[in-house]
file coords_34.txt (compact mmCIF, C-alpha atoms)
# COMPACT_ATOMS: atom_id res chain seq x y z
CA MET J 1 -41.73 -5.29 -9.61
CA LEU J 2 -38.11 -4.41 -8.82
CA SER J 3 -37.04 -2.40 -5.83
CA ALA J 4 -34.15 -0.94 -7.81
CA LEU J 5 -36.64 0.94 -9.94
CA ASN J 6 -37.40 3.15 -6.96
CA GLN J 7 -33.80 4.25 -6.59
CA THR J 8 -32.84 7.84 -7.36
CA HIS J 9 -31.64 7.91 -10.93
CA ASP J 10 -27.94 8.74 -11.28
CA ASP J 11 -27.72 11.84 -13.48
CA ARG J 12 -24.54 10.51 -15.03
CA TYR J 13 -26.54 7.75 -16.70
CA THR J 14 -28.32 9.80 -19.33
CA PRO J 15 -30.16 8.08 -22.19
CA ASP J 16 -27.48 9.23 -24.64
CA SER J 17 -24.80 7.39 -22.67
CA TYR J 18 -26.36 4.03 -23.67
CA THR J 19 -26.36 4.57 -27.43
CA LYS J 20 -23.35 2.34 -27.95
CA LEU J 21 -24.84 -0.45 -25.85
CA ALA J 22 -28.15 -0.22 -27.75
CA ASN J 23 -26.32 -0.60 -31.07
CA SER J 24 -24.31 -3.56 -29.77
CA LEU J 25 -27.39 -5.33 -28.45
CA ASN J 26 -29.09 -4.82 -31.80
CA ALA J 27 -26.06 -6.47 -33.44
CA PHE J 28 -26.36 -9.34 -30.93
CA TYR J 29 -30.01 -9.79 -31.92
CA GLU J 30 -29.20 -9.69 -35.64
CA ILE J 31 -26.50 -12.32 -35.27
CA THR J 32 -28.23 -14.71 -32.85
CA GLN J 33 -31.94 -13.97 -33.40
CA ILE J 34 -32.25 -13.94 -29.59
CA ASP J 35 -34.40 -11.12 -28.20
CA VAL J 36 -32.35 -9.27 -25.56
CA LEU J 37 -32.55 -6.28 -23.22
CA PHE J 38 -30.27 -4.69 -20.62
CA TYR J 39 -31.40 -3.22 -17.30
CA SER J 40 -29.08 -1.09 -15.17
CA PHE J 41 -29.68 -0.80 -11.44
CA THR J 42 -29.53 2.96 -11.97
CA GLY J 43 -33.00 2.57 -13.50
CA VAL J 44 -32.20 2.56 -17.23
CA LEU J 45 -33.55 -0.04 -19.63
CA VAL J 46 -32.06 -0.64 -23.11
CA TYR J 47 -34.39 -2.56 -25.41
CA ARG J 48 -34.70 -2.75 -29.19
CA GLY J 49 -32.73 0.43 -29.71
CA ASP J 50 -34.69 2.44 -27.15
CA ILE J 51 -33.31 3.95 -23.93
CA ILE J 52 -36.14 3.73 -21.37
CA THR J 53 -36.21 5.46 -17.97
CA ASP J 54 -39.96 5.62 -17.35
CA ASN J 55 -40.62 3.30 -14.40
CA LYS J 56 -43.98 2.08 -15.66
CA VAL J 57 -42.61 1.20 -19.09
CA VAL J 58 -39.59 -0.48 -17.52
CA GLN J 59 -41.76 -2.61 -15.24
CA LYS J 60 -44.05 -3.62 -18.08
CA THR J 61 -41.13 -4.57 -20.35
CA LEU J 62 -39.42 -6.63 -17.64
CA ASP J 63 -42.64 -8.46 -16.75
CA PRO J 64 -42.23 -12.14 -17.80
CA GLU J 65 -45.73 -12.08 -19.25
CA HIS J 66 -44.57 -9.38 -21.66
CA PHE J 67 -41.02 -10.52 -22.43
CA GLY J 68 -41.69 -14.26 -22.20
CA LYS J 69 -39.54 -17.06 -20.87
CA SER J 70 -36.04 -15.77 -20.36
CA ILE J 71 -32.51 -16.28 -19.11
CA ILE J 72 -30.89 -13.55 -17.00
CA PHE J 73 -27.16 -12.84 -16.95
CA PRO J 74 -26.10 -10.60 -14.01
CA ILE J 75 -23.48 -8.02 -15.02
CA ILE J 76 -20.62 -7.12 -12.64
CA LEU J 77 -18.58 -3.93 -13.05
CA ASN J 78 -15.53 -3.64 -10.78
CA ASN J 79 -16.96 -6.19 -8.33
CA GLN J 80 -20.28 -4.33 -8.21
CA VAL J 81 -23.61 -5.70 -9.42
CA TRP J 82 -24.29 -3.16 -12.14
CA GLY J 83 -27.35 -4.66 -13.84
CA PHE J 84 -28.36 -7.63 -15.97
CA THR J 85 -29.22 -8.71 -19.49
CA MET J 86 -32.38 -10.68 -20.15
CA CYS J 87 -32.38 -13.02 -23.16
CA SER J 88 -35.32 -14.88 -24.63
CA SER J 89 -34.83 -18.58 -23.89
CA ALA J 90 -36.89 -19.86 -26.83
CA LYS J 91 -35.11 -22.87 -28.37
CA SER J 92 -32.42 -22.55 -25.71
CA SER J 93 -29.86 -25.28 -25.13
CA ASN J 94 -26.79 -25.46 -22.93
CA HIS J 95 -24.62 -24.71 -25.96
CA ARG J 96 -26.81 -21.80 -27.04
CA ILE J 97 -26.76 -20.34 -23.51
CA GLN J 98 -22.96 -20.62 -23.33
CA VAL J 99 -22.52 -19.00 -26.74
CA SER J 100 -24.78 -16.14 -25.61
CA LYS J 101 -22.79 -15.70 -22.40
CA GLU J 102 -19.47 -15.57 -24.28
CA TYR J 103 -20.83 -13.05 -26.78
CA LEU J 104 -22.25 -10.84 -24.05
CA SER J 105 -18.95 -11.01 -22.15
CA ASN J 106 -17.11 -9.75 -25.21
CA LEU J 107 -19.78 -7.12 -25.79
CA PHE J 108 -19.57 -5.59 -22.31
CA ASN J 109 -15.79 -5.86 -22.11
CA SER J 110 -15.49 -3.94 -25.37
CA HIS J 111 -17.30 -0.98 -23.81
CA PHE J 112 -14.54 -0.58 -21.23
CA ALA J 113 -11.60 -1.74 -23.34
CA ASN J 114 -9.99 1.71 -23.14
CA ARG J 115 -10.37 1.97 -19.36
CA GLN J 116 -7.72 0.09 -17.38
CA ASP J 117 -9.51 0.86 -14.10
CA LEU J 118 -12.75 -0.85 -15.15
CA THR J 119 -13.47 -4.53 -15.69
CA ALA J 120 -16.78 -6.10 -16.65
CA GLN J 121 -17.93 -9.64 -15.98
CA VAL J 122 -21.00 -11.59 -17.08
CA LEU J 123 -22.04 -14.13 -14.45
CA GLU J 124 -23.55 -17.56 -15.01
CA PRO J 125 -27.19 -17.33 -16.13
CA LEU J 126 -30.32 -17.49 -14.01
CA THR J 127 -33.27 -19.17 -15.71
CA ASP J 128 -36.98 -18.70 -15.05
CA GLU J 129 -36.92 -21.86 -12.96
CA GLN J 130 -34.23 -20.38 -10.70
CA LEU J 131 -35.53 -16.84 -10.63
CA THR J 132 -38.44 -15.43 -8.67
CA ASN J 133 -39.53 -11.87 -7.85
CA GLU J 134 -38.17 -12.41 -4.35
CA GLN J 135 -34.76 -13.35 -5.75
CA LEU J 136 -34.78 -10.30 -8.01
CA THR J 137 -35.49 -8.13 -5.01
CA LYS J 138 -32.54 -9.68 -3.17
CA ILE J 139 -30.28 -9.05 -6.16
CA ASN J 140 -31.35 -5.42 -6.22
CA TYR J 141 -30.89 -5.10 -2.44
CA LEU J 142 -27.38 -6.54 -2.76
CA SER J 143 -26.65 -4.07 -5.54
CA THR J 144 -27.80 -1.18 -3.31
CA LEU J 145 -25.50 -2.31 -0.48
CA LEU J 146 -22.53 -2.62 -2.82
CA GLN J 147 -23.18 0.82 -4.24
CA LEU J 148 -23.21 2.30 -0.72
CA LYS J 149 -19.85 0.68 0.00
CA SER J 150 -18.29 1.84 -3.25
CA SER J 151 -17.12 5.25 -4.25
CA ALA J 152 -19.49 7.03 -6.55
CA ASN J 153 -16.67 7.32 -9.04
CA ASN J 154 -16.20 3.56 -9.31
CA VAL J 155 -19.05 3.14 -11.77
CA LEU J 156 -18.87 5.24 -14.89
CA PRO J 157 -21.40 5.61 -17.67
CA ILE J 158 -20.86 3.96 -21.00
CA ALA J 159 -19.14 6.28 -23.46
CA THR J 160 -21.55 8.39 -25.45
CA ALA J 161 -19.54 8.26 -28.68
CA GLU J 162 -19.63 5.27 -30.95
CA ASP J 163 -16.33 3.41 -31.20
CA PRO J 164 -16.44 1.79 -34.67
CA GLN J 165 -13.07 0.11 -34.16
CA VAL J 166 -14.13 -1.70 -30.98
CA ARG J 167 -17.51 -2.69 -32.39
CA THR J 168 -15.97 -3.90 -35.66
CA SER J 169 -13.37 -5.91 -33.75
CA THR J 170 -16.02 -7.59 -31.58
CA GLU J 171 -18.32 -8.38 -34.50
CA LYS J 172 -15.40 -9.78 -36.52
CA PHE J 173 -14.36 -12.00 -33.63
CA GLU J 174 -17.88 -13.38 -33.29
CA ALA J 175 -18.28 -13.81 -37.05
CA ILE J 176 -15.02 -15.74 -37.38
CA ARG J 177 -15.89 -17.99 -34.47
CA SER J 178 -19.32 -18.72 -35.98
CA ILE J 179 -17.84 -19.51 -39.39
CA LYS J 180 -15.34 -21.91 -37.83
CA GLU J 181 -18.17 -23.70 -36.07
CA ALA J 182 -20.14 -23.79 -39.32
CA THR J 183 -17.31 -25.23 -41.43
CA ASN J 184 -16.50 -27.83 -38.76
CA TYR J 185 -20.16 -28.83 -38.63
CA ILE J 186 -20.36 -29.09 -42.43
CA CYS J 187 -17.23 -31.23 -42.75
CA GLU J 188 -18.37 -33.53 -39.93
CA ASN J 189 -21.88 -33.96 -41.35
CA LEU J 190 -21.38 -34.31 -45.09
CA THR J 191 -23.68 -37.35 -45.14
CA SER J 192 -26.58 -35.20 -43.92
CA GLN J 193 -28.87 -33.03 -46.05
CA LEU J 194 -27.12 -29.79 -45.11
CA THR J 195 -28.81 -26.50 -45.92
CA LEU J 196 -28.17 -22.88 -45.05
CA SER J 197 -31.01 -23.04 -42.52
CA THR J 198 -29.82 -26.21 -40.77
CA VAL J 199 -26.25 -24.98 -40.41
CA ALA J 200 -27.41 -21.52 -39.30
CA GLU J 201 -29.61 -23.11 -36.65
CA HIS J 202 -26.66 -25.15 -35.38
CA VAL J 203 -24.48 -22.07 -34.88
CA PHE J 204 -27.42 -19.95 -33.64
CA LEU J 205 -27.37 -17.39 -36.44
CA SER J 206 -30.00 -16.20 -38.86
CA PRO J 207 -29.57 -17.78 -42.33
CA SER J 208 -29.19 -14.39 -44.01
CA TYR J 209 -26.49 -13.27 -41.58
CA LEU J 210 -24.54 -16.54 -41.86
CA SER J 211 -24.67 -16.35 -45.65
CA ARG J 212 -23.40 -12.76 -45.59
CA ILE J 213 -20.47 -13.27 -43.22
CA PHE J 214 -19.53 -16.59 -44.88
CA LYS J 215 -19.16 -14.85 -48.23
CA LYS J 216 -17.30 -11.95 -46.62
CA TYR J 217 -14.68 -13.95 -44.71
CA MET J 218 -14.43 -17.13 -46.80
CA ASP J 219 -14.87 -15.47 -50.20
CA ILE J 220 -17.08 -18.42 -51.15
CA ASN J 221 -20.82 -18.70 -51.68
CA PHE J 222 -22.21 -20.77 -48.78
CA ILE J 223 -24.25 -23.23 -50.89
CA ASN J 224 -21.38 -23.69 -53.34
CA TYR J 225 -19.09 -24.49 -50.42
CA ILE J 226 -21.42 -27.21 -49.16
CA ASN J 227 -21.81 -28.72 -52.64
CA GLN J 228 -18.04 -28.72 -53.21
CA GLN J 229 -17.46 -30.57 -49.93
CA LYS J 230 -20.17 -33.10 -50.71
CA ILE J 231 -18.91 -33.75 -54.23
CA ALA J 232 -15.35 -34.18 -52.95
CA HIS J 233 -16.71 -36.77 -50.52
CA ALA J 234 -18.58 -38.47 -53.37
CA GLN J 235 -15.44 -38.50 -55.54
CA ARG J 236 -13.64 -40.37 -52.82
CA GLU J 237 -16.44 -42.92 -52.53
CA LEU J 238 -16.61 -43.39 -56.33
CA ILE J 239 -12.88 -44.02 -56.58
CA LEU J 240 -12.13 -46.05 -53.45
CA SER J 241 -15.32 -48.10 -53.15
CA ARG J 242 -17.60 -50.22 -55.29
CA LYS J 243 -20.79 -48.76 -53.88
CA PRO J 244 -23.53 -48.06 -56.44
CA ILE J 245 -23.97 -44.45 -57.50
CA ASN J 246 -27.45 -44.10 -56.01
CA LEU J 247 -26.07 -45.18 -52.63
CA ILE J 248 -23.15 -42.75 -52.91
CA SER J 249 -25.65 -40.01 -53.75
CA ASN J 250 -27.52 -40.83 -50.56
CA ILE J 251 -24.31 -41.03 -48.52
CA ALA J 252 -23.35 -37.57 -49.79
CA GLY J 253 -26.62 -36.20 -48.45
CA PHE J 254 -28.54 -35.86 -51.73
CA SER J 255 -32.18 -36.93 -51.65
CA GLN J 256 -32.32 -37.50 -55.44
CA THR J 257 -29.67 -39.20 -57.59
CA SER J 258 -30.63 -37.05 -60.58
CA TYR J 259 -29.85 -33.86 -58.65
CA PHE J 260 -26.62 -35.38 -57.37
CA THR J 261 -25.58 -36.18 -60.95
CA LYS J 262 -26.43 -32.65 -62.07
CA ILE J 263 -24.31 -31.04 -59.32
CA PHE J 264 -21.50 -33.57 -59.82
CA LYS J 265 -21.27 -32.82 -63.56
CA LYS J 266 -21.42 -29.07 -62.95
CA ILE J 267 -18.43 -29.27 -60.58
CA THR J 268 -16.27 -31.96 -62.20
CA GLY J 269 -17.29 -31.64 -65.86
CA THR J 270 -18.31 -35.28 -66.13
CA THR J 271 -20.89 -37.75 -64.81
CA PRO J 272 -20.30 -39.91 -61.71
CA SER J 273 -20.09 -43.12 -63.77
CA LYS J 274 -17.54 -41.68 -66.22
CA TYR J 275 -15.55 -40.17 -63.37
CA ARG J 276 -15.34 -43.55 -61.63
CA LYS J 277 -14.16 -45.25 -64.83
CA GLU J 278 -11.59 -42.57 -65.70
CA ASN J 279 -10.10 -42.53 -62.17
CA ALA J 280 -10.03 -46.23 -61.36
CA ALA J 281 -6.22 -46.11 -61.12
CA ILE J 282 -6.27 -43.86 -58.04
CA SER J 283 -5.42 -45.67 -54.80
CA ARG J 284 -5.02 -42.91 -52.18
CA ILE J 285 -6.78 -39.58 -51.61
CA TYR J 286 -6.12 -36.75 -49.17
CA THR J 287 -8.87 -34.14 -48.90
CA ILE J 288 -8.16 -30.62 -47.59
CA HIS J 289 -11.28 -28.63 -46.67
CA HIS J 290 -11.12 -24.85 -46.80
CA THR J 291 -11.31 -23.33 -43.32
CA LEU J 292 -10.51 -19.92 -41.87
CA ASP J 293 -7.13 -21.33 -40.86
CA TRP J 294 -6.03 -20.95 -44.47
CA PRO J 295 -3.73 -17.90 -44.61
CA GLU J 296 -4.72 -14.97 -46.78
CA ASN J 297 -2.97 -14.97 -50.18
CA ALA J 298 -1.81 -18.56 -49.66
CA SER J 299 -1.21 -20.94 -52.55
CA VAL J 300 -2.63 -24.43 -52.87
CA PHE J 301 0.83 -25.75 -52.05
CA ASP J 302 1.04 -23.59 -48.91
CA VAL J 303 -2.16 -25.04 -47.41
CA SER J 304 -1.17 -28.52 -48.58
CA LYS J 305 2.15 -28.37 -46.74
CA THR J 306 0.36 -27.28 -43.58
CA PHE J 307 -2.09 -30.17 -43.95
CA PHE J 308 0.68 -32.74 -44.49
CA THR J 309 2.53 -31.49 -41.42
CA LYS J 310 -0.59 -31.66 -39.23
CA GLN J 311 -1.25 -35.20 -40.48
CA ASN J 312 2.37 -36.20 -39.74
CA LEU J 313 2.94 -37.00 -43.41
CA ASP J 314 6.44 -36.67 -44.80
CA TYR J 315 6.45 -35.05 -48.23
CA TYR J 316 9.06 -34.28 -50.86
CA TYR J 317 8.91 -32.10 -53.93
CA GLU J 318 11.13 -30.70 -56.63
CA SER J 319 10.93 -28.02 -59.26
CA ALA J 320 11.76 -28.46 -62.94
CA ASN J 321 11.34 -25.86 -65.68
CA GLY J 322 9.34 -23.66 -63.31
CA TYR J 323 6.86 -26.42 -62.47
CA LEU J 324 6.67 -27.73 -58.90
CA TYR J 325 6.18 -31.47 -58.68
CA VAL J 326 5.30 -33.37 -55.49
CA ASN J 327 6.92 -36.78 -55.81
CA SER J 328 6.21 -38.22 -52.36
CA ILE J 329 3.53 -37.95 -49.67
CA GLY J 330 3.64 -40.30 -46.72
CA ASP J 331 4.60 -43.83 -47.76
CA LEU J 332 3.75 -43.40 -51.45
CA THR J 333 6.25 -42.01 -53.94
CA ASP J 334 6.53 -41.82 -57.71
CA ALA J 335 7.94 -44.91 -59.39
CA ASN J 336 9.81 -44.15 -62.61
CA GLU J 337 6.85 -42.25 -64.02
CA LYS J 338 4.65 -45.33 -63.62
CA SER J 339 2.78 -43.76 -60.71
CA GLY J 340 2.70 -40.46 -58.88
CA TRP J 341 0.74 -37.70 -57.17
CA ILE J 342 -1.72 -35.32 -58.83
CA PHE J 343 -4.01 -32.75 -57.24
CA THR J 344 -7.44 -31.28 -57.94
CA VAL J 345 -8.96 -27.94 -56.98
CA ASP J 346 -12.73 -27.89 -56.50
CA GLY J 347 -13.10 -31.18 -58.35
CA ARG J 348 -10.89 -30.49 -61.37
CA GLN J 349 -7.22 -30.95 -62.21
CA PRO J 350 -5.51 -27.59 -62.93
CA THR J 351 -2.84 -26.97 -65.55
CA ASN J 352 -0.62 -24.83 -63.27
CA SER J 353 1.51 -26.19 -60.44
CA ALA J 354 0.21 -26.04 -56.87
CA ASP J 355 2.52 -23.20 -55.82
CA LEU J 356 1.10 -20.92 -58.54
CA ILE J 357 -2.59 -21.38 -57.73
CA SER J 358 -4.20 -19.05 -55.21
CA THR J 359 -6.63 -20.45 -52.65
CA LYS J 360 -8.85 -17.38 -52.98
CA GLY J 361 -12.37 -18.68 -53.60
CA VAL J 362 -11.25 -22.33 -53.37
CA SER J 363 -13.45 -24.73 -51.38
CA VAL J 364 -11.51 -27.99 -51.37
CA VAL J 365 -8.15 -29.44 -52.51
CA GLN J 366 -7.49 -33.14 -53.06
CA TRP J 367 -4.22 -34.99 -53.57
CA MET J 368 -4.49 -38.36 -55.39
CA TYR J 369 -1.98 -41.13 -55.97
CA VAL J 370 -2.37 -42.51 -59.49
CA ASP J 371 -1.06 -45.53 -61.35
CA PHE J 372 -0.31 -43.89 -64.72
CA ARG J 373 -0.22 -47.24 -66.48
call {"tool": "encode", "arguments": {"input": "coords_34.txt", "output": "structure tokens"}}
result
Amino acid sequence: MLSALNQTHDDRYTPDSYTKLANSLNAFYEITQIDVLFYSFTGVLVYRGDIITDNKVVQKTLDPEHFGKSIIFPIILNNQVWGFTMCSSAKSSNHRIQVSKEYLSNLFNSHFANRQDLTAQVLEPLTDEQLTNEQLTKINYLSTLLQLKSSANNVLPIATAEDPQVRTSTEKFEAIRSIKEATNYICENLTSQLTLSTVAEHVFLSPSYLSRIFKKYMDINFINYINQQKIAHAQRELILSRKPINLISNIAGFSQTSYFTKIFKKITGTTPSKYRKENAAISRIYTIHHTLDWPENASVFDVSKTFFTKQNLDYYYESANGYLYVNSIGDLTDANEKSGWIFTVDGRQPTNSADLISTKGVSVVQWMYVDFR
């Protein structure tokens, strides 16, 4: 199938030298659920943890009838066509393809991070519609010409030893980026029936992997996070609108009002109707969703100040008897104890001041302006 398969195999590219790449590609598959392989123009194939050099096996694996519809990303190493990755294009979209390209770029760059004389580049993808056997042959022919023009020392094998630090750094980068996309998607689609599966599909991760990294980096259970955001949205609707509770339940993305009431009471300690009655004196609400931008070991007041600044809201506070009190946010200030600002954490009003409450495990903070009369 490929002319490059007939090239003399470079002895420097032993199967052991691709162990690190095999592990990284397995991590890519676990995170994205996209089947992937790498083929080097030295005749080595990396697929599902195996290092394959047998020409017949390589040809069979690369055959579209075996691998299925795919997208190919050519890999350049020091201006030389080194090989390519082939990714399954099932359920592919432009966004999914771009995410795959960025991940693969980070993956290959990490292999040569400790070599200043080597740079890797992942080119724009070639799809089945663009790619034919004739084009593959031309790619391989071009690679052969470039190899003849380059010094044999220009292309080095991938390091045989695992580099846990590099791999951990790459995986953390990808995990954080995925979580940011997930939290943005959740906060922008609170009126939808969000589930672990729907959000995972949006960010191109497996549900189990998204759940695991979400808990690890956010310190919050994924489903609890979604419910907290939805209930905070419902609290706002209950207080600032006259919409019926069944409609608010639907707006918050709950298919059944009874289930909405159950979750609402679990989070706030009261029913939606009682909550509306007890908080009728509230006239302004600011909602702060937990994101990865929240600093580690921050207090509720720390993230609140950052939020106010980003929203261009002036705020003033004072401290009395060890208790911090916010007396003004934006254009609303306290008025001789007749009105003022209170805050809630995950649906409930704490007894400590905002500067003494850690954001560890917190999903959402709300500031509310209340007429105390």
call {"tool": "atom_distance", "arguments": {"input": "coords_34.txt", "atom1": "atom CA of J:Tyr47", "atom2": "atom CA of J:Ser100"}}
result
16.6 Å
call {"tool": "residues_around", "arguments": {"input": "coords_34.txt", "residues": "stretch 289-296 of chain J", "least_positions_apart": "3", "cutoff": "7 Å", "atoms": "all atoms listed in the file", "output": "ChimeraX atom specification"}}
result
/J:180,183,218,303,363-365
call {"tool": "closest_residue", "arguments": {"input": "coords_34.txt", "among": "J:Ile226, J:Ile329, J:Leu240, J:Leu194", "to": "J:Ser283", "atoms": "only C-alpha atoms"}}
result
J:Leu240
call {"tool": "closest_residue", "arguments": {"input": "coords_34.txt", "among": "J:Asn246, J:Gln228, J:Thr257, J:Ser339", "to": "J:Gly361", "atoms": "only C-alpha atoms"}}
result
J:Gln228
call {"tool": "atom_distance", "arguments": {"input": "coords_34.txt", "atom1": "atom CA of J:Ile34", "atom2": "atom CA of J:Gln193"}}
result
25.4 Å
call {"tool": "closest_residue", "arguments": {"input": "coords_34.txt", "among": "J:Pro74, J:Pro207, J:Gly340, J:Gly83", "to": "J:Ile223", "atoms": "all atoms listed in the file"}}
result
J:Pro207
call {"tool": "atom_distance", "arguments": {"input": "coords_34.txt", "atom1": "atom CA of J:Ala182", "atom2": "atom CA of J:Ile245"}}
result
27.8 Å
call {"tool": "residues_around", "arguments": {"input": "coords_34.txt", "residues": "stretch 349-356 of chain J", "least_positions_apart": "2", "cutoff": "6 Å", "atoms": "only C-alpha atoms", "output": "ChimeraX atom specification"}}
result
/J:299-301,323-324,344
call {"tool": "closest_residue", "arguments": {"input": "coords_34.txt", "among": "J:Ile76, J:Leu104, J:Ala22, J:Leu37", "to": "J:Ala120", "atoms": "all atoms listed in the file"}}
result
J:Ile76
call {"tool": "residues_around", "arguments": {"input": "coords_34.txt", "residues": "J:Phe67", "least_positions_apart": "5", "cutoff": "9 Å", "atoms": "only C-alpha atoms", "output": "MDAnalysis selection string"}}
result
chainID J and resid 35 60:62 86 88
call {"tool": "residues_around", "arguments": {"input": "coords_34.txt", "residues": "J:Ser255", "least_positions_apart": "4", "cutoff": "12 Å", "atoms": "all atoms listed in the file", "output": "list in words"}}
result
Thr191, Ser192, Gln193, Leu194, Asn246, Leu247, Ile248, Ser249, Asn250, Ile251, Tyr259, Phe260 and Thr261 of chain J
call {"tool": "write_last_selection", "arguments": {"input": "coords_34.txt", "atoms": "C-alpha atoms", "output": "PDB file, in the coordinates of the input"}}
result
ATOM      1  CA  THR J 191     -23.680 -37.350 -45.140  1.00  0.00           C
ATOM      2  CA  SER J 192     -26.580 -35.200 -43.920  1.00  0.00           C
ATOM      3  CA  GLN J 193     -28.870 -33.030 -46.050  1.00  0.00           C
ATOM      4  CA  LEU J 194     -27.120 -29.790 -45.110  1.00  0.00           C
ATOM      5  CA  ASN J 246     -27.450 -44.100 -56.010  1.00  0.00           C
ATOM      6  CA  LEU J 247     -26.070 -45.180 -52.630  1.00  0.00           C
ATOM      7  CA  ILE J 248     -23.150 -42.750 -52.910  1.00  0.00           C
ATOM      8  CA  SER J 249     -25.650 -40.010 -53.750  1.00  0.00           C
ATOM      9  CA  ASN J 250     -27.520 -40.830 -50.560  1.00  0.00           C
ATOM     10  CA  ILE J 251     -24.310 -41.030 -48.520  1.00  0.00           C
ATOM     11  CA  TYR J 259     -29.850 -33.860 -58.650  1.00  0.00           C
ATOM     12  CA  PHE J 260     -26.620 -35.380 -57.370  1.00  0.00           C
ATOM     13  CA  THR J 261     -25.580 -36.180 -60.950  1.00  0.00           C
TER      14      THR J 261
END
call {"tool": "closest_residue", "arguments": {"input": "coords_34.txt", "among": "J:Phe307, J:Tyr103, J:Tyr225, J:Phe343", "to": "J:Thr195", "atoms": "only C-alpha atoms"}}
result
J:Tyr225
call {"tool": "closest_residue", "arguments": {"input": "coords_34.txt", "among": "J:Asn227, J:Gln59, J:Thr287, J:Asn109", "to": "J:Leu21", "atoms": "all atoms listed in the file"}}
result
J:Asn109
call {"tool": "residues_near_point", "arguments": {"input": "coords_34.txt", "point": "(-7.6, -44.8, -57.0)", "cutoff": "12 Å", "atoms": "all atoms listed in the file", "output": "VMD selection string"}}
result
chain J and resid 235 to 242 275 to 286 339 to 342 367 to 372
